[in-house]
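Structure file model.cif (mmCIF, C-alpha atoms) is printed below.
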data_my_file
#
loop_
_atom_site.group_PDB
_atom_site.id
_atom_site.type_symbol
_atom_site.label_atom_id
_atom_site.label_comp_id
_atom_site.auth_asym_id
_atom_site.auth_seq_id
_atom_site.Cartn_x
_atom_site.Cartn_y
_atom_site.Cartn_z
ATOM 1 C CA MET A 23 -19.622 -64.956 40.229
ATOM 2 C CA ALA A 24 -18.104 -65.221 43.719
ATOM 3 C CA GLY A 25 -15.113 -67.108 42.292
ATOM 4 C CA ARG A 26 -14.548 -64.404 39.679
ATOM 5 C CA GLU A 27 -14.766 -61.660 42.307
ATOM 6 C CA GLN A 28 -12.241 -63.503 44.458
ATOM 7 C CA GLU A 29 -9.911 -63.926 41.486
ATOM 8 C CA LYS A 30 -10.063 -60.191 40.793
ATOM 9 C CA GLY A 31 -8.315 -59.619 44.111
ATOM 10 C CA MET A 32 -5.447 -61.947 43.226
ATOM 11 C CA ASN A 33 -2.116 -60.829 41.846
ATOM 12 C CA PHE A 34 -0.589 -62.608 38.858
ATOM 13 C CA ILE A 35 1.491 -65.032 40.931
ATOM 14 C CA GLU A 36 -1.541 -66.053 42.978
ATOM 15 C CA ARG A 37 -3.528 -66.654 39.805
ATOM 16 C CA LYS A 38 -0.622 -68.639 38.346
ATOM 17 C CA ILE A 39 -0.449 -70.855 41.421
ATOM 18 C CA LYS A 40 -4.189 -71.475 41.294
ATOM 19 C CA GLU A 41 -3.895 -72.387 37.625
ATOM 20 C CA LEU A 42 -1.001 -74.790 38.243
ATOM 21 C CA GLU A 43 -2.706 -76.463 41.195
ATOM 22 C CA ALA A 44 -5.668 -77.246 38.925
ATOM 23 C CA ILE A 45 -3.600 -78.922 36.190
ATOM 24 C CA GLU A 46 -4.895 -82.428 35.376
ATOM 25 C CA PRO A 47 -3.652 -83.457 31.920
ATOM 26 C CA GLN A 48 -5.050 -86.547 30.275
ATOM 27 C CA LEU A 49 -2.925 -89.508 31.312
ATOM 28 C CA THR A 50 -0.942 -91.486 28.751
ATOM 29 C CA THR A 51 -0.654 -94.592 30.927
ATOM 30 C CA PRO A 52 -0.029 -97.765 28.887
ATOM 31 C CA GLU A 53 -2.376 -100.650 29.631
ATOM 32 C CA ASP A 54 0.406 -102.945 30.804
ATOM 33 C CA LEU A 55 2.220 -100.421 33.052
ATOM 34 C CA GLU A 56 1.677 -102.471 36.219
ATOM 35 C CA GLN A 57 2.768 -105.717 34.596
ATOM 36 C CA PHE A 58 5.822 -104.056 33.055
ATOM 37 C CA TRP A 59 7.150 -102.643 36.319
ATOM 38 C CA SER A 60 6.170 -105.712 38.334
ATOM 39 C CA ARG A 61 8.267 -107.844 36.004
ATOM 40 C CA ILE A 62 11.171 -105.395 36.089
ATOM 41 C CA ASN A 63 11.077 -105.255 39.891
ATOM 42 C CA GLN A 64 11.251 -109.030 40.012
ATOM 43 C CA GLU A 65 14.267 -108.907 37.702
ATOM 44 C CA ILE A 66 15.892 -106.343 39.995
ATOM 45 C CA ARG A 67 15.393 -108.622 42.993
ATOM 46 C CA ASP A 68 16.691 -111.670 41.120
ATOM 47 C CA THR A 69 19.855 -110.013 39.755
ATOM 48 C CA PRO A 70 22.855 -109.859 42.125
ATOM 49 C CA LEU A 71 24.277 -106.389 42.762
ATOM 50 C CA SER A 72 27.854 -107.716 42.853
ATOM 51 C CA GLY A 73 28.810 -104.513 44.646
ATOM 52 C CA ARG A 74 32.222 -103.621 46.002
ATOM 53 C CA ARG A 75 33.648 -100.576 47.732
ATOM 54 C CA THR A 76 37.194 -99.254 48.077
ATOM 55 C CA ARG A 77 38.364 -96.740 50.688
ATOM 56 C CA VAL A 78 39.623 -93.447 49.205
ATOM 57 C CA ASP A 79 41.083 -90.229 50.597
ATOM 58 C CA THR A 80 39.059 -87.048 51.054
ATOM 59 C CA PRO A 81 39.973 -83.620 52.467
ATOM 60 C CA LEU A 82 36.870 -83.792 54.677
ATOM 61 C CA ILE A 83 38.044 -84.537 58.221
ATOM 62 C CA GLY A 84 36.109 -87.272 59.988
ATOM 63 C CA VAL A 85 34.413 -88.547 56.841
ATOM 64 C CA ASP A 86 34.939 -92.066 55.508
ATOM 65 C CA ALA A 87 34.835 -92.113 51.709
ATOM 66 C CA TYR A 88 34.562 -95.075 49.344
ATOM 67 C CA ASP A 89 34.548 -95.580 45.612
ATOM 68 C CA VAL A 90 31.702 -97.976 44.805
ATOM 69 C CA VAL A 91 30.892 -100.203 41.858
ATOM 70 C CA TYR A 92 27.751 -102.307 41.467
ATOM 71 C CA GLU A 93 26.069 -103.858 38.429
ATOM 72 C CA GLY A 94 23.066 -102.701 36.442
ATOM 73 C CA LEU A 95 20.619 -105.280 35.135
ATOM 74 C CA ASP A 96 22.590 -105.555 31.901
ATOM 75 C CA GLY A 97 25.941 -105.930 33.666
ATOM 76 C CA THR A 98 26.962 -102.274 33.248
ATOM 77 C CA GLN A 99 29.353 -101.294 36.034
ATOM 78 C CA ILE A 100 27.634 -98.420 37.882
ATOM 79 C CA HIS A 101 30.123 -96.177 39.692
ATOM 80 C CA GLY A 102 29.455 -94.022 42.722
ATOM 81 C CA ILE A 103 30.898 -92.437 45.837
ATOM 82 C CA TYR A 104 29.762 -93.390 49.332
ATOM 83 C CA LEU A 105 30.371 -91.054 52.283
ATOM 84 C CA VAL A 106 29.886 -91.702 56.000
ATOM 85 C CA PRO A 107 30.103 -88.892 58.628
ATOM 86 C CA SER A 108 31.996 -91.109 61.066
ATOM 87 C CA PHE A 109 33.025 -88.102 63.196
ATOM 88 C CA PHE A 110 29.597 -88.412 64.846
ATOM 89 C CA GLY A 111 30.666 -91.811 66.194
ATOM 90 C CA LYS A 112 27.293 -93.466 65.631
ATOM 91 C CA ALA A 113 26.641 -97.125 64.875
ATOM 92 C CA SER A 114 24.383 -96.289 61.932
ATOM 93 C CA TYR A 115 23.213 -93.272 59.944
ATOM 94 C CA PRO A 116 20.317 -92.187 57.785
ATOM 95 C CA CYS A 117 21.393 -91.945 54.153
ATOM 96 C CA ILE A 118 20.667 -89.889 51.051
ATOM 97 C CA VAL A 119 20.995 -91.559 47.634
ATOM 98 C CA ASN A 120 21.793 -88.741 45.196
ATOM 99 C CA TYR A 121 21.093 -88.606 41.460
ATOM 100 C CA HIS A 122 22.763 -85.856 39.430
ATOM 101 C CA GLY A 123 21.413 -83.674 36.632
ATOM 102 C CA TYR A 124 21.684 -84.440 32.927
ATOM 103 C CA THR A 125 25.266 -84.500 31.545
ATOM 104 C CA GLY A 126 26.642 -84.330 35.107
ATOM 105 C CA ASN A 127 28.402 -86.802 37.380
ATOM 106 C CA ARG A 128 28.382 -88.032 40.980
ATOM 107 C CA GLY A 129 30.305 -84.985 42.249
ATOM 108 C CA MET A 130 33.099 -84.550 44.780
ATOM 109 C CA PRO A 131 32.755 -85.363 48.491
ATOM 110 C CA GLU A 132 32.968 -81.667 49.352
ATOM 111 C CA GLN A 133 29.724 -81.005 47.480
ATOM 112 C CA PHE A 134 27.816 -83.057 50.052
ATOM 113 C CA ALA A 135 29.198 -81.394 53.196
ATOM 114 C CA HIS A 136 25.754 -80.013 54.097
ATOM 115 C CA TYR A 137 24.306 -83.520 54.215
ATOM 116 C CA LEU A 138 27.276 -84.899 56.150
ATOM 117 C CA LEU A 139 27.193 -82.096 58.739
ATOM 118 C CA ALA A 140 23.474 -82.810 59.177
ATOM 119 C CA GLY A 141 24.370 -86.385 60.178
ATOM 120 C CA LEU A 142 23.550 -88.105 56.890
ATOM 121 C CA ALA A 143 25.539 -90.647 54.947
ATOM 122 C CA VAL A 144 25.525 -90.058 51.185
ATOM 123 C CA PHE A 145 25.690 -92.319 48.147
ATOM 124 C CA SER A 146 25.927 -90.483 44.822
ATOM 125 C CA ILE A 147 26.102 -92.385 41.535
ATOM 126 C CA ASP A 148 27.313 -91.638 38.030
ATOM 127 C CA ILE A 149 24.297 -91.980 35.725
ATOM 128 C CA ARG A 150 25.226 -94.332 32.909
ATOM 129 C CA GLY A 151 26.853 -92.980 29.783
ATOM 130 C CA GLN A 152 27.090 -89.390 30.968
ATOM 131 C CA ALA A 153 30.035 -87.370 32.349
ATOM 132 C CA GLY A 154 31.051 -89.763 35.114
ATOM 133 C CA GLU A 155 32.814 -93.135 35.079
ATOM 134 C CA THR A 156 29.779 -95.286 34.273
ATOM 135 C CA GLY A 157 29.548 -96.726 30.776
ATOM 136 C CA ASP A 158 26.560 -98.321 29.054
ATOM 137 C CA ALA A 159 26.573 -101.981 28.052
ATOM 138 C CA THR A 160 23.039 -102.036 26.601
ATOM 139 C CA PRO A 161 23.148 -102.623 22.824
ATOM 140 C CA GLN A 162 22.007 -99.666 20.731
ATOM 141 C CA GLU A 163 19.401 -100.242 18.018
ATOM 142 C CA GLY A 164 17.076 -98.035 15.997
ATOM 143 C CA GLY A 165 19.273 -94.979 15.603
ATOM 144 C CA GLN A 166 20.118 -92.233 18.073
ATOM 145 C CA THR A 167 20.411 -88.451 18.068
ATOM 146 C CA LYS A 168 22.870 -86.473 20.219
ATOM 147 C CA GLY A 169 22.978 -87.246 23.934
ATOM 148 C CA TRP A 170 21.558 -90.366 25.581
ATOM 149 C CA VAL A 171 17.767 -89.948 25.793
ATOM 150 C CA THR A 172 17.040 -91.615 22.445
ATOM 151 C CA ARG A 173 19.063 -94.775 23.050
ATOM 152 C CA GLY A 174 16.661 -97.660 22.486
ATOM 153 C CA ILE A 175 13.695 -95.289 22.401
ATOM 154 C CA THR A 176 11.586 -97.468 20.085
ATOM 155 C CA SER A 177 10.759 -99.895 22.922
ATOM 156 C CA PRO A 178 10.345 -99.648 26.714
ATOM 157 C CA GLU A 179 12.440 -102.817 26.990
ATOM 158 C CA THR A 180 15.495 -101.146 25.451
ATOM 159 C CA CYS A 181 14.825 -97.511 26.416
ATOM 160 C CA TYR A 182 17.597 -95.544 28.119
ATOM 161 C CA TYR A 183 15.128 -94.476 30.817
ATOM 162 C CA LYS A 184 14.570 -98.101 31.791
ATOM 163 C CA SER A 185 18.303 -98.479 32.342
ATOM 164 C CA VAL A 186 18.757 -95.323 34.419
ATOM 165 C CA VAL A 187 15.642 -95.917 36.523
ATOM 166 C CA THR A 188 16.636 -99.492 37.350
ATOM 167 C CA ASP A 189 20.223 -98.376 38.049
ATOM 168 C CA ALA A 190 18.802 -95.784 40.457
ATOM 169 C CA ILE A 191 16.626 -98.342 42.243
ATOM 170 C CA ARG A 192 19.628 -100.642 42.635
ATOM 171 C CA ALA A 193 21.586 -97.778 44.207
ATOM 172 C CA VAL A 194 19.034 -97.780 47.022
ATOM 173 C CA ASP A 195 19.327 -101.559 47.257
ATOM 174 C CA TRP A 196 23.115 -101.273 47.597
ATOM 175 C CA VAL A 197 22.913 -98.621 50.316
ATOM 176 C CA CYS A 198 20.463 -100.687 52.351
ATOM 177 C CA GLU A 199 23.052 -103.471 52.535
ATOM 178 C CA GLN A 200 25.762 -101.262 54.076
ATOM 179 C CA PRO A 201 26.534 -101.787 57.779
ATOM 180 C CA GLU A 202 26.759 -98.039 58.497
ATOM 181 C CA VAL A 203 23.274 -97.304 57.136
ATOM 182 C CA ASP A 204 19.962 -97.496 58.956
ATOM 183 C CA SER A 205 17.929 -98.976 56.093
ATOM 184 C CA SER A 206 14.669 -97.633 57.582
ATOM 185 C CA ARG A 207 15.942 -94.049 57.143
ATOM 186 C CA VAL A 208 17.103 -93.973 53.523
ATOM 187 C CA GLY A 209 15.894 -91.296 51.135
ATOM 188 C CA VAL A 210 16.493 -90.334 47.507
ATOM 189 C CA ALA A 211 17.256 -86.872 46.173
ATOM 190 C CA GLY A 212 18.214 -85.089 42.982
ATOM 191 C CA GLY A 213 17.606 -82.142 40.717
ATOM 192 C CA SER A 214 16.339 -81.987 37.120
ATOM 193 C CA GLN A 215 17.202 -85.454 35.723
ATOM 194 C CA GLY A 216 17.969 -86.432 39.317
ATOM 195 C CA GLY A 217 14.645 -85.071 40.509
ATOM 196 C CA GLY A 218 12.840 -87.044 37.834
ATOM 197 C CA LEU A 219 14.660 -90.188 38.924
ATOM 198 C CA ALA A 220 13.832 -89.491 42.577
ATOM 199 C CA LEU A 221 10.120 -89.456 41.684
ATOM 200 C CA ALA A 222 10.304 -92.511 39.427
ATOM 201 C CA VAL A 223 12.249 -94.544 41.982
ATOM 202 C CA SER A 224 9.720 -93.546 44.644
ATOM 203 C CA ALA A 225 6.879 -94.787 42.448
ATOM 204 C CA ILE A 226 8.566 -98.043 41.486
ATOM 205 C CA GLY A 227 11.071 -98.914 44.235
ATOM 206 C CA THR A 228 10.026 -100.046 47.701
ATOM 207 C CA LYS A 229 12.969 -99.738 50.111
ATOM 208 C CA HIS A 230 13.360 -96.019 50.856
ATOM 209 C CA ALA A 231 11.392 -93.759 53.174
ATOM 210 C CA PHE A 232 11.258 -90.295 51.560
ATOM 211 C CA ALA A 233 12.204 -88.314 48.465
ATOM 212 C CA VAL A 234 13.415 -84.857 47.463
ATOM 213 C CA ALA A 235 12.703 -84.048 43.812
ATOM 214 C CA ASP A 236 14.020 -80.642 42.831
ATOM 215 C CA ILE A 237 12.875 -79.136 39.508
ATOM 216 C CA PRO A 238 12.177 -82.685 38.227
ATOM 217 C CA ASN A 239 12.071 -83.772 34.611
ATOM 218 C CA MET A 240 10.388 -86.916 33.197
ATOM 219 C CA CYS A 241 6.997 -85.295 33.886
ATOM 220 C CA ASN A 242 4.189 -85.127 31.285
ATOM 221 C CA MET A 243 6.642 -86.052 28.548
ATOM 222 C CA ASP A 244 3.904 -86.072 25.917
ATOM 223 C CA TRP A 245 3.679 -82.298 26.548
ATOM 224 C CA THR A 246 7.327 -81.488 27.318
ATOM 225 C CA ILE A 247 8.603 -83.098 24.114
ATOM 226 C CA PHE A 248 6.971 -80.136 22.356
ATOM 227 C CA ASN A 249 7.460 -77.414 24.994
ATOM 228 C CA SER A 250 10.675 -78.077 26.949
ATOM 229 C CA THR A 251 14.148 -76.791 26.056
ATOM 230 C CA GLY A 252 15.818 -79.566 28.061
ATOM 231 C CA SER A 253 17.063 -83.083 27.356
ATOM 232 C CA ILE A 254 13.703 -84.209 25.960
ATOM 233 C CA THR A 255 14.488 -82.091 22.872
ATOM 234 C CA GLU A 256 16.693 -85.014 21.851
ATOM 235 C CA ALA A 257 13.536 -87.107 21.468
ATOM 236 C CA ALA A 258 11.911 -84.282 19.510
ATOM 237 C CA ASP A 259 14.941 -84.205 17.211
ATOM 238 C CA TYR A 260 14.683 -87.967 16.791
ATOM 239 C CA ILE A 261 11.017 -87.712 15.781
ATOM 240 C CA SER A 262 11.796 -84.913 13.339
ATOM 241 C CA ARG A 263 14.149 -87.356 11.613
ATOM 242 C CA TYR A 264 11.784 -90.331 11.940
ATOM 243 C CA PRO A 265 8.272 -88.790 11.941
ATOM 244 C CA GLU A 266 6.707 -92.177 11.298
ATOM 245 C CA ARG A 267 7.923 -93.234 14.778
ATOM 246 C CA LEU A 268 6.053 -90.524 16.735
ATOM 247 C CA ASP A 269 3.471 -92.854 18.273
ATOM 248 C CA THR A 270 6.126 -95.465 19.034
ATOM 249 C CA VAL A 271 8.345 -92.964 20.846
ATOM 250 C CA LEU A 272 5.494 -91.463 22.860
ATOM 251 C CA HIS A 273 4.325 -94.949 23.835
ATOM 252 C CA THR A 274 7.822 -95.827 25.046
ATOM 253 C CA LEU A 275 8.134 -92.633 27.095
ATOM 254 C CA SER A 276 4.756 -93.231 28.739
ATOM 255 C CA TYR A 277 6.221 -96.082 30.839
ATOM 256 C CA PHE A 278 8.677 -93.661 32.474
ATOM 257 C CA ASP A 279 6.506 -90.559 32.739
ATOM 258 C CA ASN A 280 6.143 -89.443 36.355
ATOM 259 C CA MET A 281 2.699 -88.087 35.550
ATOM 260 C CA ASN A 282 1.592 -91.682 34.952
ATOM 261 C CA LEU A 283 3.582 -93.070 37.889
ATOM 262 C CA ALA A 284 2.896 -90.447 40.568
ATOM 263 C CA ASP A 285 -0.151 -92.079 42.147
ATOM 264 C CA ARG A 286 2.005 -95.110 43.008
ATOM 265 C CA ILE A 287 4.140 -93.060 45.441
ATOM 266 C CA ARG A 288 3.497 -93.976 49.083
ATOM 267 C CA ILE A 289 6.194 -91.967 50.902
ATOM 268 C CA PRO A 290 6.620 -88.284 51.890
ATOM 269 C CA VAL A 291 7.896 -86.151 48.999
ATOM 270 C CA LEU A 292 9.363 -82.656 48.763
ATOM 271 C CA VAL A 293 9.261 -81.093 45.281
ATOM 272 C CA SER A 294 10.548 -77.739 44.060
ATOM 273 C CA VAL A 295 9.609 -75.826 40.926
ATOM 274 C CA GLY A 296 10.676 -72.633 39.179
ATOM 275 C CA PHE A 297 7.928 -70.746 37.375
ATOM 276 C CA LYS A 298 10.404 -69.419 34.778
ATOM 277 C CA ASP A 299 11.921 -72.836 34.135
ATOM 278 C CA SER A 300 11.949 -73.687 30.430
ATOM 279 C CA VAL A 301 13.826 -76.983 30.963
ATOM 280 C CA CYS A 302 11.333 -78.503 33.403
ATOM 281 C CA PRO A 303 8.366 -76.135 33.028
ATOM 282 C CA PRO A 304 6.023 -75.750 35.999
ATOM 283 C CA GLU A 305 3.119 -77.105 33.942
ATOM 284 C CA SER A 306 4.972 -80.424 33.636
ATOM 285 C CA VAL A 307 6.037 -80.567 37.286
ATOM 286 C CA PHE A 308 2.514 -79.914 38.551
ATOM 287 C CA ALA A 309 1.128 -82.515 36.139
ATOM 288 C CA ALA A 310 2.988 -85.109 38.206
ATOM 289 C CA TYR A 311 2.870 -83.421 41.616
ATOM 290 C CA ASN A 312 -0.910 -83.002 41.577
ATOM 291 C CA ARG A 313 -1.320 -86.775 41.241
ATOM 292 C CA ILE A 314 0.804 -87.662 44.290
ATOM 293 C CA THR A 315 -1.514 -88.814 47.079
ATOM 294 C CA SER A 316 1.076 -89.447 49.793
ATOM 295 C CA PRO A 317 2.222 -86.632 52.163
ATOM 296 C CA LYS A 318 3.751 -83.997 49.922
ATOM 297 C CA ARG A 319 5.075 -80.464 49.858
ATOM 298 C CA ILE A 320 6.049 -78.214 46.988
ATOM 299 C CA GLU A 321 8.382 -75.223 47.228
ATOM 300 C CA MET A 322 7.426 -72.726 44.534
ATOM 301 C CA HIS A 323 9.930 -70.194 43.205
ATOM 302 C CA PRO A 324 7.970 -67.800 40.962
ATOM 303 C CA PHE A 325 10.993 -65.831 39.735
ATOM 304 C CA ASN A 326 13.467 -68.691 39.323
ATOM 305 C CA GLY A 327 14.361 -70.644 36.227
ATOM 306 C CA HIS A 328 16.006 -74.046 36.325
ATOM 307 C CA THR A 329 17.214 -73.751 39.917
ATOM 308 C CA PRO A 330 15.464 -73.643 43.281
ATOM 309 C CA GLY A 331 17.953 -71.059 44.576
ATOM 310 C CA GLY A 332 20.595 -71.046 47.301
ATOM 311 C CA LYS A 333 18.238 -70.837 50.282
ATOM 312 C CA HIS A 334 16.392 -73.974 49.233
ATOM 313 C CA VAL A 335 19.025 -76.285 50.734
ATOM 314 C CA ARG A 336 17.898 -75.363 54.247
ATOM 315 C CA LYS A 337 14.315 -76.340 53.426
ATOM 316 C CA VAL A 338 15.599 -79.644 52.050
ATOM 317 C CA LEU A 339 17.563 -80.347 55.232
ATOM 318 C CA ARG A 340 14.581 -79.458 57.412
ATOM 319 C CA PHE A 341 12.349 -81.776 55.411
ATOM 320 C CA ILE A 342 14.857 -84.630 55.646
ATOM 321 C CA GLN A 343 15.282 -84.119 59.392
ATOM 322 C CA GLU A 344 11.521 -84.384 59.808
ATOM 323 C CA GLN A 345 11.683 -87.816 58.164
ATOM 324 C CA VAL A 346 14.745 -89.289 59.878
ATOM 325 C CA LEU A 347 14.765 -87.869 63.423
#

Could I get this structure in the form of structure tokens?
Amino acid sequence: MAGREQEKGMNFIERKIKELEAIEPQLTTPEDLEQFWSRINQEIRDTPLSGRRTRVDTPLIGVDAYDVVYEGLDGTQIHGIYLVPSFFGKASYPCIVNYHGYTGNRGMPEQFAHYLLAGLAVFSIDIRGQAGETGDATPQEGGQTKGWVTRGITSPETCYYKSVVTDAIRAVDWVCEQPEVDSSRVGVAGGSQGGGLALAVSAIGTKHAFAVADIPNMCNMDWTIFNSTGSITEAADYISRYPERLDTVLHTLSYFDNMNLADRIRIPVLVSVGFKDSVCPPESVFAAYNRITSPKRIEMHPFNGHTPGGKHVRKVLRFIQEQVL
């Protein structure tokens, strides 16, 4: 009775927050999740990065910029841009590894001025197959609908998510080898697809110290495949064409679902969520966030959709400074 009386005094947003904080969906964790990622991590360690960087011009004064290429596990050439705020004159810098949103690309140096002015180096990669310079050398089998999500979706071994997650982990590995970077102060960041990758890399990778996951996808995919309007609709379209493969597809996705991976995270994490987001709905974000046991913080935006809003960048910078200073 006391709980009901207390709830009567709450406004809708307060009740919504309470509801979201209590979300605990049934996990879809495959029995061999640990063995799968342990084997993949060993493969990551055993496969040379074969990275190279080339100096390029930028209109940002006092910033050293490089085009970068390193190899994915399948030999795909992963492209990125690496930026160092050399105007500070330091021997080494903390670094942000950035992952872009779905259908995007690594961006221009100017887009990362806020990080650079805060004293951070930046490495931003082109996610394979999308709108940047990175291709995709993994053979395609089993059919595919529009976009990239359903490439190899009938097996975790061939799934597109395996490729992009391992590419993202290797981006951190590459950064940690750079002479300008303090490898003890490297973090990962991204929004939407990039936020999902930031969480997955934090659950699976081991070299970075913190993560910023804005409006992340890849969370409770068993639920979002039915409810989201985002990239996961490609998997829904695939199942509508191959309904007999429903269980197979859901089993594949379970290896990359941040809801299943979240309790593996051991580093500080900042997450953001928009309550009106239909691409990465708050119910999916909280399904993963509630299972993180490491130091965590979530910035809730009750009246935002698929964006944390312009003022959020300051909160991100403050969080990062807490980790690296």

(message) Under the PyMOL selection byres ((chain A and resi 73-81) around 10), which residues of this model are included? Write them out as a PyMOL selection string.
(response) chain A and resi 70-72+82-93+99-105+130-132+193+196+199

(request) Kindly resolve the PyMOL selection byres ((chain A and resi 283-294) around 7) on the present coordinates and return the residues as a list in words. (result)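 Output of the PyMOL selection byres ((chain A and resi 283-294) around 7): Ala222, Ser224, Ala225, Ala231, Phe232, Ala233, Val234, Ala235, Asp236, Ile237, Asp279, Asn280, Met281, Asn282, Val295, Ala310, Arg313, Ile314, Thr315, Ser316, Pro317, Lys318, Arg319, Ile320, Glu321, Met322 and Pro330 of chain A.
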
(message) I'd like the residues picked by the PyMOL selection byres ((chain A and resi 146) around 7) written out as number ranges by chain, using the chain letters and numbers from the file.
(response) A: 102-104, 119-121, 128, 144-145, 147

(request) Determine the nearest neighbour of A:Gly327 from the options A:Asn249, A:Thr156, A:Ser300, A:Ser108, counting all atoms listed in the file. (result)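 Closest to A:Gly327 of all the choices is A:Ser300.
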
(message) Between atom CA of A:Thr160 and atom CA of A:Glu256, what distance in Å does the model show, to one decimal?
(response)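 Taking atom CA of A:Thr160 and atom CA of A:Glu256, their separation equals 18.8 Å.
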
(message) Taking all atoms listed in the file into account, name the residue in A:His122, A:Lys112, A:His273, A:Arg263 that is nearest to A:Ala211.
(response)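 Result for the nearest residue to A:Ala211: A:His122.
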
(message) Just checking: using only C-alpha atoms, which residue out of A:Asn242, A:Ser262, A:Ser253, A:Ser214 ends up closest to A:Thr50?
(response) A:Asn242

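Nearest residue to A:Glu179 among A:Arg192, A:Leu272, A:Tyr277, A:Pro238 is A:Tyr277, counting all atoms listed in the file.
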
(request) Check the smallest atom-to-atom distance from each of A:Gly165, A:Pro324, A:Ala309, A:Gly332 to A:Arg267 using all atoms listed in the file, then report the winner. (result)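 Smallest separation from A:Arg267 among the options: A:Gly165.
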
(message) I'd like the interatomic distance between atom CA of A:Val194 and atom CA of A:Gly216, to a tenth of an Å.
(response)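 Between atom CA of A:Val194 and atom CA of A:Gly216 the gap is 13.8 Å.
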
Dig up all the protein and nucleic acid residues within 10 Å of (26.1, -92.2, 59.7) in the file frame, using only C-alpha atoms, and format them as a CSV table (one decimal) with C-alpha atoms, keeping the file's coordinate frame.
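Result saved to point_12.csv:
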chain,number,residue,atom,x,y,z
A,85,VAL,CA,34.4,-88.5,56.8
A,86,ASP,CA,34.9,-92.1,55.5
A,105,LEU,CA,30.4,-91.1,52.3
A,106,VAL,CA,29.9,-91.7,56.0
A,107,PRO,CA,30.1,-88.9,58.6
A,108,SER,CA,32.0,-91.1,61.1
A,109,PHE,CA,33.0,-88.1,63.2
A,110,PHE,CA,29.6,-88.4,64.8
A,111,GLY,CA,30.7,-91.8,66.2
A,112,LYS,CA,27.3,-93.5,65.6
A,113,ALA,CA,26.6,-97.1,64.9
A,114,SER,CA,24.4,-96.3,61.9
A,115,TYR,CA,23.2,-93.3,59.9
A,116,PRO,CA,20.3,-92.2,57.8
A,117,CYS,CA,21.4,-91.9,54.2
A,138,LEU,CA,27.3,-84.9,56.2
A,140,ALA,CA,23.5,-82.8,59.2
A,141,GLY,CA,24.4,-86.4,60.2
A,142,LEU,CA,23.6,-88.1,56.9
A,143,ALA,CA,25.5,-90.6,54.9
A,144,VAL,CA,25.5,-90.1,51.2
A,201,PRO,CA,26.5,-101.8,57.8
A,202,GLU,CA,26.8,-98.0,58.5
A,203,VAL,CA,23.3,-97.3,57.1
A,204,ASP,CA,20.0,-97.5,59.0

(message) Could you check the closest approach to A:Ala44 for each of A:Tyr183, A:Tyr311, A:Val271, A:Val301 and tell me which residue wins, using all atoms listed in the file?
(response)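 Using all atoms listed in the file, the shortest distance to A:Ala44 belongs to A:Tyr311.
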
(request) Measure the distance from atom CA of A:Gly169 to atom CA of A:Glu305 in Å and round it to one decimal. (result)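 Rounded to one decimal, the two atoms are 24.4 Å apart.
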
(message) as number ranges by chain, please: the residues near A:Asp96 (cut-off 12 Å, only C-alpha atoms, same-chain neighbours under 4 positions excluded).
(response) A: 65-66, 69-71, 92, 100, 150, 157-161, 179-180, 182, 184-186, 188-189

Would you kindly identify which residues have an atom no farther than 6 Å from (14.1, -99.0, 15.7), using all atoms listed in the file and the file's own coordinates, and write them out as a PDB file with C-alpha atoms, keeping the file's coordinate frame?
ATOM      1  CA  GLU A 163      19.401-100.242  18.018  1.00  0.00           C
ATOM      2  CA  GLY A 164      17.076 -98.035  15.997  1.00  0.00           C
ATOM      3  CA  THR A 176      11.586 -97.468  20.085  1.00  0.00           C
TER       4      THR A 176
END

Generate the coordinates of N, CA, C and O atoms for stretch 131-137 of chain A; report them as a PDB file, keeping the file's coordinate frame.
ATOM      1  N   PRO A 131      33.248 -85.272  47.113  1.00  0.00           N
ATOM      2  CA  PRO A 131      32.755 -85.363  48.491  1.00  0.00           C
ATOM      3  C   PRO A 131      32.407 -84.012  49.110  1.00  0.00           C
ATOM      4  O   PRO A 131      31.435 -83.886  49.848  1.00  0.00           O
ATOM      5  N   GLU A 132      33.189 -82.985  48.773  1.00  0.00           N
ATOM      6  CA  GLU A 132      32.968 -81.667  49.352  1.00  0.00           C
ATOM      7  C   GLU A 132      31.596 -81.089  49.018  1.00  0.00           C
ATOM      8  O   GLU A 132      31.060 -80.262  49.764  1.00  0.00           O
ATOM      9  N   GLN A 133      31.021 -81.512  47.890  1.00  0.00           N
ATOM     10  CA  GLN A 133      29.724 -81.005  47.480  1.00  0.00           C
ATOM     11  C   GLN A 133      28.583 -81.480  48.376  1.00  0.00           C
ATOM     12  O   GLN A 133      27.475 -80.935  48.323  1.00  0.00           O
ATOM     13  N   PHE A 134      28.856 -82.480  49.206  1.00  0.00           N
ATOM     14  CA  PHE A 134      27.816 -83.057  50.052  1.00  0.00           C
ATOM     15  C   PHE A 134      28.046 -82.760  51.530  1.00  0.00           C
ATOM     16  O   PHE A 134      27.454 -83.399  52.400  1.00  0.00           O
ATOM     17  N   ALA A 135      28.875 -81.731  51.807  1.00  0.00           N
ATOM     18  CA  ALA A 135      29.198 -81.394  53.196  1.00  0.00           C
ATOM     19  C   ALA A 135      27.950 -81.044  54.002  1.00  0.00           C
ATOM     20  O   ALA A 135      27.865 -81.348  55.194  1.00  0.00           O
ATOM     21  N   HIS A 136      26.963 -80.398  53.357  1.00  0.00           N
ATOM     22  CA  HIS A 136      25.754 -80.013  54.097  1.00  0.00           C
ATOM     23  C   HIS A 136      24.994 -81.234  54.587  1.00  0.00           C
ATOM     24  O   HIS A 136      24.453 -81.228  55.702  1.00  0.00           O
ATOM     25  N   TYR A 137      24.943 -82.284  53.772  1.00  0.00           N
ATOM     26  CA  TYR A 137      24.306 -83.520  54.215  1.00  0.00           C
ATOM     27  C   TYR A 137      25.110 -84.174  55.344  1.00  0.00           C
ATOM     28  O   TYR A 137      24.549 -84.614  56.361  1.00  0.00           O
TER      29      TYR A 137
END
